[in-house]
Structures are given as C-alpha cells and as structure tokens.
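Enquirer: Quick one, target25.cif (mmCIF, C-alpha atoms):
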data_final
loop_
_atom_site.label_atom_id
_atom_site.label_comp_id
_atom_site.auth_asym_id
_atom_site.auth_seq_id
_atom_site.Cartn_x
_atom_site.Cartn_y
_atom_site.Cartn_z
CA GLY A 18 25.79 -26.63 -2.65
CA LYS A 19 28.02 -25.64 0.22
CA LEU A 20 31.44 -24.29 -0.70
CA ILE A 21 33.25 -26.64 1.64
CA PHE A 22 36.45 -26.56 -0.43
CA LEU A 23 36.67 -22.75 -0.59
CA LYS A 24 40.07 -21.54 0.63
CA LYS A 25 39.89 -17.78 0.12
CA LEU A 26 37.01 -15.39 0.67
CA TYR A 27 37.61 -11.73 -0.14
CA LEU A 28 34.63 -9.39 -0.02
CA ASN A 29 36.44 -6.13 0.79
CA ASP A 30 35.43 -2.63 -0.13
CA ASN A 31 31.80 -3.15 -0.96
CA GLN A 32 28.65 -1.87 0.71
CA LEU A 33 27.70 -5.13 2.31
CA THR A 34 25.21 -4.89 5.15
CA GLY A 35 23.73 -7.31 7.65
CA SER A 36 25.66 -9.70 9.85
CA ILE A 37 28.39 -12.26 9.25
CA PRO A 38 26.49 -15.47 8.44
CA LYS A 39 26.79 -18.31 10.94
CA SER A 40 27.06 -20.60 7.93
CA PHE A 41 30.56 -19.26 7.30
CA GLY A 42 31.49 -21.73 10.02
CA ASP A 43 30.78 -24.48 7.51
CA LEU A 44 33.62 -23.31 5.26
CA VAL A 45 36.05 -25.64 6.98
CA ALA A 46 38.75 -25.43 4.28
CA LEU A 47 38.92 -21.63 4.47
CA GLU A 48 42.41 -20.20 4.95
CA ASN A 49 41.81 -16.50 4.33
CA MET A 50 38.72 -14.39 5.07
CA SER A 51 38.60 -10.65 4.58
CA LEU A 52 35.41 -8.63 4.89
CA LYS A 53 36.96 -5.23 5.61
CA ASN A 54 35.59 -1.84 4.58
CA ASN A 55 31.91 -2.68 4.44
CA MET A 56 28.86 -1.81 6.53
CA LEU A 57 28.46 -5.12 8.31
CA SER A 58 26.80 -5.18 11.74
CA GLY A 59 25.80 -7.88 14.20
CA VAL A 60 28.34 -9.98 16.08
CA ILE A 61 31.25 -12.30 15.37
CA PRO A 62 29.54 -15.71 15.19
CA ALA A 63 30.70 -18.42 17.59
CA GLU A 64 30.71 -20.82 14.64
CA ILE A 65 34.09 -19.46 13.57
CA GLU A 66 35.53 -22.07 15.93
CA ASN A 67 35.12 -24.57 13.08
CA LEU A 68 37.64 -22.71 10.92
CA LYS A 69 40.69 -24.63 12.08
CA LEU A 70 42.69 -23.81 8.93
CA LEU A 71 41.94 -20.09 8.87
CA SER A 72 45.15 -18.06 8.90
CA ARG A 73 43.80 -14.56 8.26
CA PHE A 74 40.56 -13.20 9.75
CA ILE A 75 39.98 -9.58 8.75
CA ILE A 76 36.76 -7.68 9.49
CA SER A 77 38.22 -4.18 9.88
CA ASN A 78 36.22 -1.00 9.31
CA ASN A 79 32.66 -2.18 9.75
CA ASP A 80 29.99 -1.66 12.42
CA ILE A 81 30.31 -5.05 14.11
CA SER A 82 29.46 -5.13 17.81
CA GLY A 83 29.17 -7.73 20.56
CA THR A 84 32.13 -9.38 22.22
CA ILE A 85 35.07 -11.39 20.95
CA PRO A 86 33.77 -14.96 21.26
CA THR A 87 35.76 -17.32 23.45
CA GLN A 88 35.57 -19.80 20.57
CA ILE A 89 38.25 -17.78 18.81
CA GLY A 90 40.71 -19.84 20.84
CA GLU A 91 39.85 -22.84 18.66
CA MET A 92 41.22 -21.17 15.53
CA SER A 93 44.68 -22.64 16.01
CA SER A 94 46.06 -21.66 12.59
CA LEU A 95 45.33 -17.95 12.99
CA SER A 96 48.27 -15.65 12.28
CA VAL A 97 46.46 -12.39 11.40
CA LEU A 98 43.53 -11.08 13.44
CA MET A 99 42.22 -7.67 12.37
CA ILE A 100 39.00 -6.45 13.97
CA GLU A 101 39.84 -2.75 14.28
CA ASN A 102 37.45 0.15 13.78
CA ASN A 103 34.24 -1.55 14.86
CA GLN A 104 31.98 -1.35 17.94
CA ILE A 105 33.25 -4.50 19.66
CA TYR A 106 33.12 -4.39 23.46
CA GLY A 107 33.98 -6.55 26.47
CA THR A 108 37.33 -8.10 27.27
CA ILE A 109 39.92 -9.96 25.27
CA PRO A 110 39.13 -13.61 26.11
CA ASP A 111 41.71 -15.68 27.97
CA GLU A 112 41.52 -18.22 25.15
CA ILE A 113 43.69 -15.94 22.99
CA GLU A 114 46.66 -17.68 24.62
CA ASN A 115 45.87 -20.71 22.43
CA LEU A 116 46.70 -18.76 19.28
CA GLY A 117 50.45 -19.16 19.37
CA LEU A 118 50.92 -18.47 15.65
CA LEU A 119 49.57 -14.91 15.84
CA VAL A 120 51.86 -12.39 14.16
CA ASP A 121 49.57 -9.40 13.61
CA VAL A 122 46.75 -8.39 16.00
CA ARG A 123 44.78 -5.20 15.41
CA MET A 124 41.95 -4.35 17.78
CA GLU A 125 42.25 -0.58 17.88
CA GLN A 126 39.32 1.83 17.86
CA ASN A 127 36.69 -0.37 19.46
CA ARG A 128 35.08 -0.32 22.93
CA LEU A 129 37.11 -3.13 24.45
CA SER A 130 37.71 -2.89 28.20
CA GLY A 131 39.06 -4.65 31.28
CA ASP A 132 42.54 -5.92 32.05
CA LEU A 133 44.63 -7.51 29.35
CA PRO A 134 44.77 -11.30 29.81
CA ASP A 135 48.07 -12.84 30.89
CA GLY A 136 47.92 -15.14 27.89
CA LEU A 137 48.39 -12.18 25.57
CA TRP A 138 51.98 -11.78 26.77
CA THR A 139 52.81 -15.40 25.86
CA LEU A 140 52.30 -14.84 22.12
CA ASP A 141 55.97 -14.86 21.27
CA GLN A 142 55.49 -14.66 17.49
CA LEU A 143 53.68 -11.31 17.63
CA ASP A 144 55.19 -8.53 15.55
CA ASP A 145 52.27 -6.06 15.58
CA LEU A 146 49.89 -5.43 18.49
CA TYR A 147 47.48 -2.51 18.14
CA LEU A 148 45.19 -1.95 21.14
CA ASP A 149 44.92 1.85 21.02
CA GLY A 150 41.67 3.77 21.25
CA ASN A 151 39.81 1.43 23.61
CA LEU A 152 38.86 1.39 27.30
CA PHE A 153 41.42 -1.06 28.65
CA THR A 154 42.32 -0.74 32.34
CA GLY A 155 44.83 -2.19 34.76
CA THR A 156 48.59 -2.17 34.53
CA ILE A 157 50.98 -3.15 31.79
CA SER A 158 52.17 -6.53 32.97
CA THR A 159 55.80 -7.36 33.68
CA LYS A 160 55.09 -10.41 31.55
CA ILE A 161 55.34 -8.11 28.53
CA ALA A 162 58.87 -9.51 28.22
CA GLY A 163 57.24 -12.57 26.64
CA LEU A 164 56.62 -10.61 23.42
CA THR A 165 60.13 -11.34 22.24
CA LYS A 166 59.51 -10.45 18.57
CA ILE A 167 57.23 -7.44 19.01
CA GLY A 168 58.04 -4.55 16.68
CA TYR A 169 54.98 -2.30 16.90
CA LEU A 170 53.12 -1.94 20.21
CA TYR A 171 50.32 0.63 20.41
CA LEU A 172 48.68 1.06 23.82
CA ASN A 173 47.76 4.75 23.70
CA ASP A 174 44.34 6.24 24.38
CA ASN A 175 43.17 3.77 26.99
CA LYS A 176 42.82 3.82 30.78
CA PHE A 177 45.96 1.95 31.77
CA ASP A 178 47.53 2.95 35.08
CA GLY A 179 50.47 1.86 37.20
CA THR A 180 54.07 2.29 36.15
CA VAL A 181 56.12 1.53 33.07
CA PRO A 182 57.50 -2.00 33.66
CA THR A 183 61.27 -2.18 33.45
CA GLU A 184 60.87 -5.42 31.49
CA ILE A 185 59.83 -3.33 28.49
CA ALA A 186 63.53 -2.70 27.92
CA THR A 187 64.04 -6.37 27.05
CA LEU A 188 62.00 -5.99 23.84
CA GLN A 189 64.94 -5.86 21.47
CA SER A 190 62.87 -5.79 18.27
CA LEU A 191 60.70 -2.85 19.32
CA VAL A 192 60.47 -0.21 16.59
CA SER A 193 57.46 1.81 17.76
CA LEU A 194 55.81 2.12 21.19
CA THR A 195 52.93 4.44 22.08
CA LEU A 196 51.84 4.91 25.69
CA HIS A 197 50.30 8.39 25.66
CA ASP A 198 46.83 9.33 26.89
CA ASN A 199 46.75 6.84 29.75
CA ASP A 200 47.33 7.18 33.49
CA ILE A 201 50.72 5.49 33.37
CA LYS A 202 53.51 6.94 35.49
CA GLY A 203 57.18 6.24 36.01
CA ALA A 204 60.16 6.37 33.68
CA ILE A 205 61.11 4.86 30.36
CA PRO A 206 64.14 2.61 31.03
CA ASP A 207 67.41 3.99 29.68
CA ALA A 208 68.12 0.62 28.10
CA LEU A 209 65.09 1.06 25.84
CA CYS A 210 66.14 4.57 24.90
CA ASP A 211 69.57 3.21 23.96
CA SER A 212 68.07 0.70 21.54
CA SER A 213 69.39 1.02 17.99
CA VAL A 214 66.11 -0.34 16.63
CA LEU A 215 63.63 1.98 18.34
CA GLU A 216 62.35 4.73 16.01
CA HIS A 217 59.21 6.06 17.69
CA LEU A 218 58.23 6.39 21.33
CA SER A 219 55.39 8.50 22.72
CA ALA A 220 54.21 9.01 26.29
CA ASP A 221 52.56 11.56 28.58
CA CYS A 222 55.74 13.54 29.13
CA THR A 223 54.94 17.21 28.47
CA ALA A 224 55.64 19.84 31.09
CA GLN A 225 51.90 20.17 31.63
CA LYS A 226 51.34 16.44 32.03
CA LEU A 227 54.58 14.93 33.28
CA TYR A 228 53.42 11.43 34.15
CA VAL A 229 56.27 9.64 32.43
CA GLU A 230 59.94 10.57 32.42
CA CYS A 231 61.22 9.99 28.93
CA SER A 232 64.55 11.17 27.57
CA CYS A 233 64.01 9.71 24.11
CA CYS A 234 60.33 10.29 23.35
CA VAL A 235 59.80 11.76 19.90
CA ASN A 236 56.23 12.64 20.80
CA CYS A 237 55.22 13.93 24.22
CA GLN A 238 51.47 14.30 24.64
#
With the file now loaded, output its structure as structure tokens.
Expert:
Amino acid sequence: GKLIFLKKLYLNDNQLTGSIPKSFGDLVALENMSLKNNMLSGVIPAEIENLKLLSRFIISNNDISGTIPTQIGEMSSLSVLMIENNQIYGTIPDEIENLGLLVDVRMEQNRLSGDLPDGLWTLDQLDDLYLDGNLFTGTISTKIAGLTKIGYLYLNDNKFDGTVPTEIATLQSLVSLTLHDNDIKGAIPDALCDSSVLEHLSADCTAQKLYVECSCCVNCQ
C-alpha cells in the first residue's frame, strides 16, 4: 500500500537513476526527504506541492534538470532547500516568497538565470543563501536589507552587474560574503568592513580587475 504515514525518506549516497517519482507527492506526512549524491535525472515534479509538512527537501549532487516548479511555493513548512550541483535552469520562481520559514537555501552550481525575485529578500529567517556558480543577472537589490539573519551569502561566479548596495552594511549577522567573478562595481561600505562578525569577504578587487573598492577583502579575485 501507499506509505502515507511515512515521515522520513533518506536515500542518499546510492547509485539511484531515473527521475523523482510523481507519486512522492502522495507522501503527505513526509517531513524530511533527502535524495542527495545519486545519479537521478528528470525534473522536480510539480506534485511536491502536496508535501505541506515537508521541512527538508534535499536533492543535491544529481543530474536533475528542468526548472524549479512554481508549486514549490505551496510547501509552507520548508526550512531547508538544497538543490545544488544539478542541471536546473530557468529563474527562481516568485512563489519562493511564500516560504517564510526557510533557513538554508543552496542552489549553487546549476544553470539558473535571470534576475533574483524581490520575494527572496523578504525571507528574514535565512541564515545560508548559496547562489554561486549560476547565470544570474541584474543588480543586487537594495531590499537585501530584509535578510536580517543572513550569515553566509554566496553570489560569486554569476553575471550580476550594477553597484554594491549600501544596504548590505545593515546585515549585522553576516559572516561570509562572496561577490567575485561578476560585473559588480562600486565600494564595500566601511560599516560592513568594521563588522566584528564578518570573517570572509571576496570581490573583484585586484589591481588587474579593480571593479570593487574593498579595504577588508580577504580574497581579491
């Protein structure tokens, strides 16, 4: 019969192939799903919208493609979203703003593109946001100040342009920030450099590629 009372599904570190079954959407009691480190392909099924109790959705290190389905906005209990190191493309859907419990988001090393949605900056519980190694464009929004609890923010290796928003200095919990290998210009605010919490900051600030003025960068690319 269907495992409708299943709460945890861990299938990590195997050699699983094929796609994520649509029938996983029937596991309505599921709270944790981790399928990382396999050889899964196909797309993220829209049926995940039925997983209202799911807190952790982890499909890292596979060969999954397609886009992030807009239905992800229905997963209102989600606190951990890890889809890094796949072949996922397209934009981050606006519906991500509905996921106000998100603490850890890892989307690095995919083929995601476009501007970051405004709703992303409203996720005020976020501690980790990894978007590096994609094809994101546009500017870093002044609304970044909404990430009041962010500790680790990785934006490097994309196609961001514009200037460094001064609002970035309001992020008082920021431990690590990477901006290098973009087309960002401007200066890192002194107030951020003076932070007692900040441990790592990288930007395009070498003599050969002085896009960003940075007095406190520990890594100039």
Enquirer: Choose the residue, out of A:Leu118, A:Met50, A:Met124, A:Leu191, that has the smallest atom-to-atom separation from Thr84 of chain A; count all atoms listed in the file.
Expert: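 That would be A:Met124, the residue with the smallest distance to Thr84 of chain A.
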Enquirer: List, as a count of residues only, every residue that the PyMOL selection byres ((chain A and resi 59-67) around 8) selects in the file provided.
Expert: 27
Enquirer: Output, as lines of an AutoDock Vina configuration file, the centre and edge lengths in Å (one decimal) of the axis-aligned box that contains all listed atoms of segment 183-198 of chain A with 3 Å of margin on each side.
Expert:
center_x = 55.9
center_y = 1.5
center_z = 25.0
size_x = 24.1
size_y = 21.7
size_z = 22.9
Enquirer: Take atom CA of Leu28 of chain A and atom CA of Asn78 of chain A and report the distance between them in Å, one decimal.
Expert: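 Separation of atom CA of Leu28 of chain A and atom CA of Asn78 of chain A: 12.6 Å.
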Enquirer: Between A:Glu48, A:Glu112, A:Asp132, A:Asp141, which one has atoms that come closest to Ser158 of chain A, using all atoms listed in the file?
Expert: A:Asp132
Enquirer: Looking at A:Ile75, A:Ile105, A:Leu164, A:Ile185, which one is nearest to Gln126 of chain A, with distances taken over all atoms listed in the file?
Expert: A:Ile105
Enquirer: Which one of A:Leu140, A:Leu47, A:Ser77, A:Gln104 sits closest to Arg123 of chain A if you count only C-alpha atoms?
Expert: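 Among the listed residues, the smallest separation from Arg123 of chain A belongs to A:Ser77.
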Enquirer: Please enumerate the residues selected by the PyMOL selection byres ((chain A and resi 168) around 8) when evaluated against the supplied file, formatted as a list in words.
Expert: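 For this structure, the PyMOL selection byres ((chain A and resi 168) around 8) resolves to Asp144, Asp145, Lys166, Ile167, Tyr169, Leu170, Ser190, Leu191, Val192 and Ser193 of chain A.
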Enquirer: What does the distance from atom CA of Leu172 of chain A to atom CA of Arg73 of chain A come to in Å, to one decimal?
Expert: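 Going from atom CA of Leu172 of chain A over to atom CA of Arg73 of chain A covers 22.6 Å.
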Enquirer: List the neighbours of Cys233 of chain A out to 12 Å using only C-alpha atoms; skip same-chain residues closer than 2 positions along the sequence, and give me the result as a ChimeraX atom specification.
Expert: /A:194,204-213,215-220,222,229-231,235-237
Enquirer: Which distance in Å separates atom CA of Thr187 of chain A and atom CA of Asp174 of chain A, to one decimal?
Expert: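 Atom-to-atom, atom CA of Thr187 of chain A and atom CA of Asp174 of chain A are spaced 23.5 Å apart.
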Enquirer: With distances taken over all atoms listed in the file, which residue among A:Leu152, A:Ala162, A:Ile113, A:Val97 lies nearest Leu188 of chain A?
Expert: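 Once distances to Leu188 of chain A are computed over all atoms listed in the file, the minimum belongs to A:Ala162.
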